[in-house]
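> Contents of data_3.txt (compact mmCIF, C-alpha atoms):
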# COMPACT_ATOMS: atom_id res chain seq x y z
CA MET S 143 -3.79 7.41 12.57
CA GLY S 144 -0.54 6.03 11.31
CA LEU S 145 2.73 6.41 13.08
CA ARG S 146 6.28 7.33 12.22
CA ARG S 147 9.21 5.53 13.76
CA ASP S 148 12.78 6.66 13.08
CA ILE S 149 15.49 4.11 13.80
CA ARG S 150 19.19 4.96 14.09
CA PHE S 151 21.62 2.05 14.34
CA VAL S 152 24.29 2.08 17.04
CA THR S 153 26.03 -1.10 15.86
CA PRO S 154 26.59 -2.62 12.41
CA GLY S 155 24.24 -5.42 11.37
CA GLU S 156 21.20 -6.18 9.26
CA PHE S 157 17.75 -4.68 9.19
CA LEU S 158 14.97 -7.00 8.02
CA SER S 159 11.73 -5.33 7.00
CA VAL S 160 8.62 -7.45 6.53
CA ILE S 161 5.61 -5.28 5.75
CA LYS S 162 2.51 -5.46 3.58
CA LYS S 163 0.35 -2.80 1.92
CA THR S 164 3.31 -0.79 0.58
CA ARG S 165 1.84 -0.59 -2.93
CA SER S 166 -1.88 -0.37 -2.27
CA ARG S 167 -3.75 1.88 0.13
CA PRO S 168 -5.84 0.65 3.07
CA TRP S 169 -9.54 0.57 2.27
CA ALA S 170 -11.96 3.31 3.21
CA LEU S 171 -15.70 2.90 3.73
CA ASP S 172 -18.81 4.82 2.77
CA GLY S 173 -17.07 7.68 0.92
CA GLY S 174 -14.10 7.99 3.27
CA LEU S 175 -10.58 8.73 2.05
CA GLU S 176 -7.78 6.18 1.75
CA PRO S 177 -4.48 6.99 3.51
CA ASP S 178 -1.08 6.67 1.86
CA PRO S 179 0.33 3.11 1.81
CA ASN S 180 2.76 1.84 4.44
CA GLN S 181 6.36 2.87 3.77
CA VAL S 182 9.80 1.71 4.85
CA VAL S 183 12.52 4.19 3.85
CA VAL S 184 16.09 2.97 4.25
CA PHE S 185 18.86 5.56 4.50
CA PRO S 186 16.47 8.57 4.36
CA GLY S 187 17.96 11.86 3.23
CA THR S 188 21.03 10.25 1.65
CA SER S 189 22.05 9.27 -1.86
CA ARG S 190 21.18 5.66 -0.90
CA GLU S 191 17.59 6.49 0.11
CA ALA S 192 15.15 3.81 -1.08
CA ARG S 193 11.60 2.69 -0.35
CA VAL S 194 11.41 -1.05 0.31
CA SER S 195 8.86 -3.63 1.44
CA THR S 196 10.22 -7.03 2.47
CA LYS S 197 13.99 -6.71 2.31
CA ARG S 198 17.18 -7.52 4.22
CA THR S 199 19.50 -4.48 4.36
CA ARG S 200 23.07 -4.25 5.72
CA VAL S 201 23.45 -1.26 8.06
CA GLN S 202 26.37 0.51 9.69
CA VAL S 203 26.63 2.69 12.79
CA GLY S 204 24.65 5.89 12.20
CA ASP S 205 22.50 4.52 9.36
CA ARG S 206 18.80 5.25 9.67
CA VAL S 207 15.47 3.72 8.65
CA THR S 208 12.07 5.44 8.77
CA LEU S 209 8.85 3.44 9.11
CA LEU S 210 5.60 5.18 8.13
CA THR S 211 2.43 3.22 8.79
CA ALA S 212 -0.74 4.04 6.93
CA GLY S 213 -3.29 4.05 9.71
CA GLY S 214 -6.86 3.16 8.91
CA GLY S 215 -9.00 4.24 6.00
CA GLY S 216 -11.62 6.88 6.60
CA HIS S 217 -15.31 6.24 7.17
CA GLY S 218 -17.85 8.56 5.58
CA ASP S 219 -17.57 11.78 3.60
CA PRO S 220 -15.08 14.03 5.42
CA GLY S 221 -17.08 17.09 4.31
CA GLY S 222 -19.97 15.89 6.47
CA ARG S 223 -17.96 15.79 9.70
CA ASP S 224 -19.03 18.10 12.52
CA PRO S 225 -16.88 21.26 12.17
CA GLU S 226 -16.40 21.51 15.94
CA ALA S 227 -14.99 17.96 16.01
CA VAL S 228 -12.57 18.95 13.23
CA ARG S 229 -11.48 22.01 15.24
CA GLU S 230 -10.86 19.78 18.25
CA ASP S 231 -8.78 17.43 16.09
CA VAL S 232 -6.69 20.40 14.92
CA ALA S 233 -6.21 21.56 18.53
CA GLU S 234 -5.10 18.04 19.53
CA GLY S 235 -2.67 17.82 16.60
CA TYR S 236 -4.50 14.99 14.78
CA VAL S 237 -5.40 17.13 11.77
CA SER S 238 -3.39 19.99 10.28
CA PRO S 239 -5.08 23.35 9.68
CA GLU S 240 -4.46 22.82 5.95
CA ALA S 241 -6.23 19.43 5.99
CA ALA S 242 -9.10 20.94 8.01
CA ARG S 243 -9.63 23.45 5.21
CA GLU S 244 -8.90 21.25 2.18
CA VAL S 245 -10.29 17.87 3.26
CA TYR S 246 -13.00 18.74 5.79
CA GLY S 247 -14.01 22.16 4.42
CA VAL S 248 -13.59 23.85 7.82
CA ARG S 249 -12.14 27.28 7.03
CA ASP S 250 -12.04 28.92 10.48
CA VAL S 251 -9.32 26.92 12.24
With the file now loaded, output its structure as structure tokens.


Amino acid sequence: MGLRRDIRFVTPGEFLSVIKKTRSRPWALDGGLEPDPNQVVVFPGTSREARVSTKRTRVQVGDRVTLLTAGGGGHGDPGGRDPEAVREDVAEGYVSPEAAREVYGVRDV
């Protein structure tokens, strides 16, 4: 599982992002699915919004940056996963009901 971190600046300064795997996806094994690449979004939701990798960015009070990490690649065909385990993942919030249906083939969630 990847994570999302939203940063809001309370003082002016610089934000330095140093991150890899922003263009290519993490590897999956044995038929698993690859997650989206890592992302750093500076000034999300504004006219200055941009995706960056390694970059130094001037920021002001109230500016925001969103970091989205990829998480790990999948292992094995998701269609072969135990449906009850998928239902538990939905209940825990790890998998959306839409992904349970579309990716794992579990319709009754």

> Could you work out how far CA of Arg165 in chain S lies from CA of Pro177 in chain S, giving the answer in Å with one decimal?

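About the pair CA of Pro177 in chain S and CA of Arg165 in chain S: they are 11.8 Å apart.
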
> So the first atom is CA of Trp169 in chain S and the second is CA of Arg193 in chain S; what is the distance between them in Å, to one decimal place?

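Atom-to-atom, CA of Trp169 in chain S and CA of Arg193 in chain S are spaced 21.4 Å apart.
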
> Pick the closest to Val184 in chain S from S:Met143, S:Val228, S:Ala233, S:Val201: which is it, counting only C-alpha atoms?

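Ranking S:Met143, S:Val228, S:Ala233, S:Val201 by distance to Val184 in chain S, first place goes to S:Val201.
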
> What does the distance from CA of Gly214 in chain S to CA of Phe151 in chain S come to in Å, to one decimal?

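Rounded to one decimal, the two atoms are 29.0 Å apart.
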
> List every protein, DNA or RNA residue that has at least one atom no more than 7 Å from (-16.2, 9.4, 4.5) in the file's coordinates, counting all atoms listed in the file, and write the result as a ChimeraX atom specification.

/S:171-175,216-220

> Counting only C-alpha atoms, write as a ChimeraX atom specification all protein and nucleic acid residues lying at most 12 Å from (-7.3, 24.3, 13.7) in the file's frame.

/S:225-243,246-251

> Can you work out which one of S:Val245, S:Phe185, S:Asp205, S:Leu210 has the shortest atom-to-atom distance to Gly222 in chain S, counting all atoms listed in the file?

S:Val245

> Excluding Val194 in chain S and any residue of its chain fewer than 6 positions from it, enumerate the residues within 12 Å of it, using only C-alpha atoms, and give them as a list in words.

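The neighbour list is Phe157, Leu158, Ser159, Val160, Ile161, Lys162, Lys163, Thr164, Arg165, Pro179, Asn180, Gln181, Val182, Val183, Val184, Phe185, Pro186, Val207, Thr208, Leu209 and Leu210 of chain S.
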
> Using all atoms listed in the file, which protein or nucleic acid residues come within 8 Å of Arg200 in chain S? Drop anything in the same chain fewer than 5 positions from it, and give the result as a list in words.

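My reading of the contact set: Pro154, Gly155, Glu156 and Phe157 of chain S.
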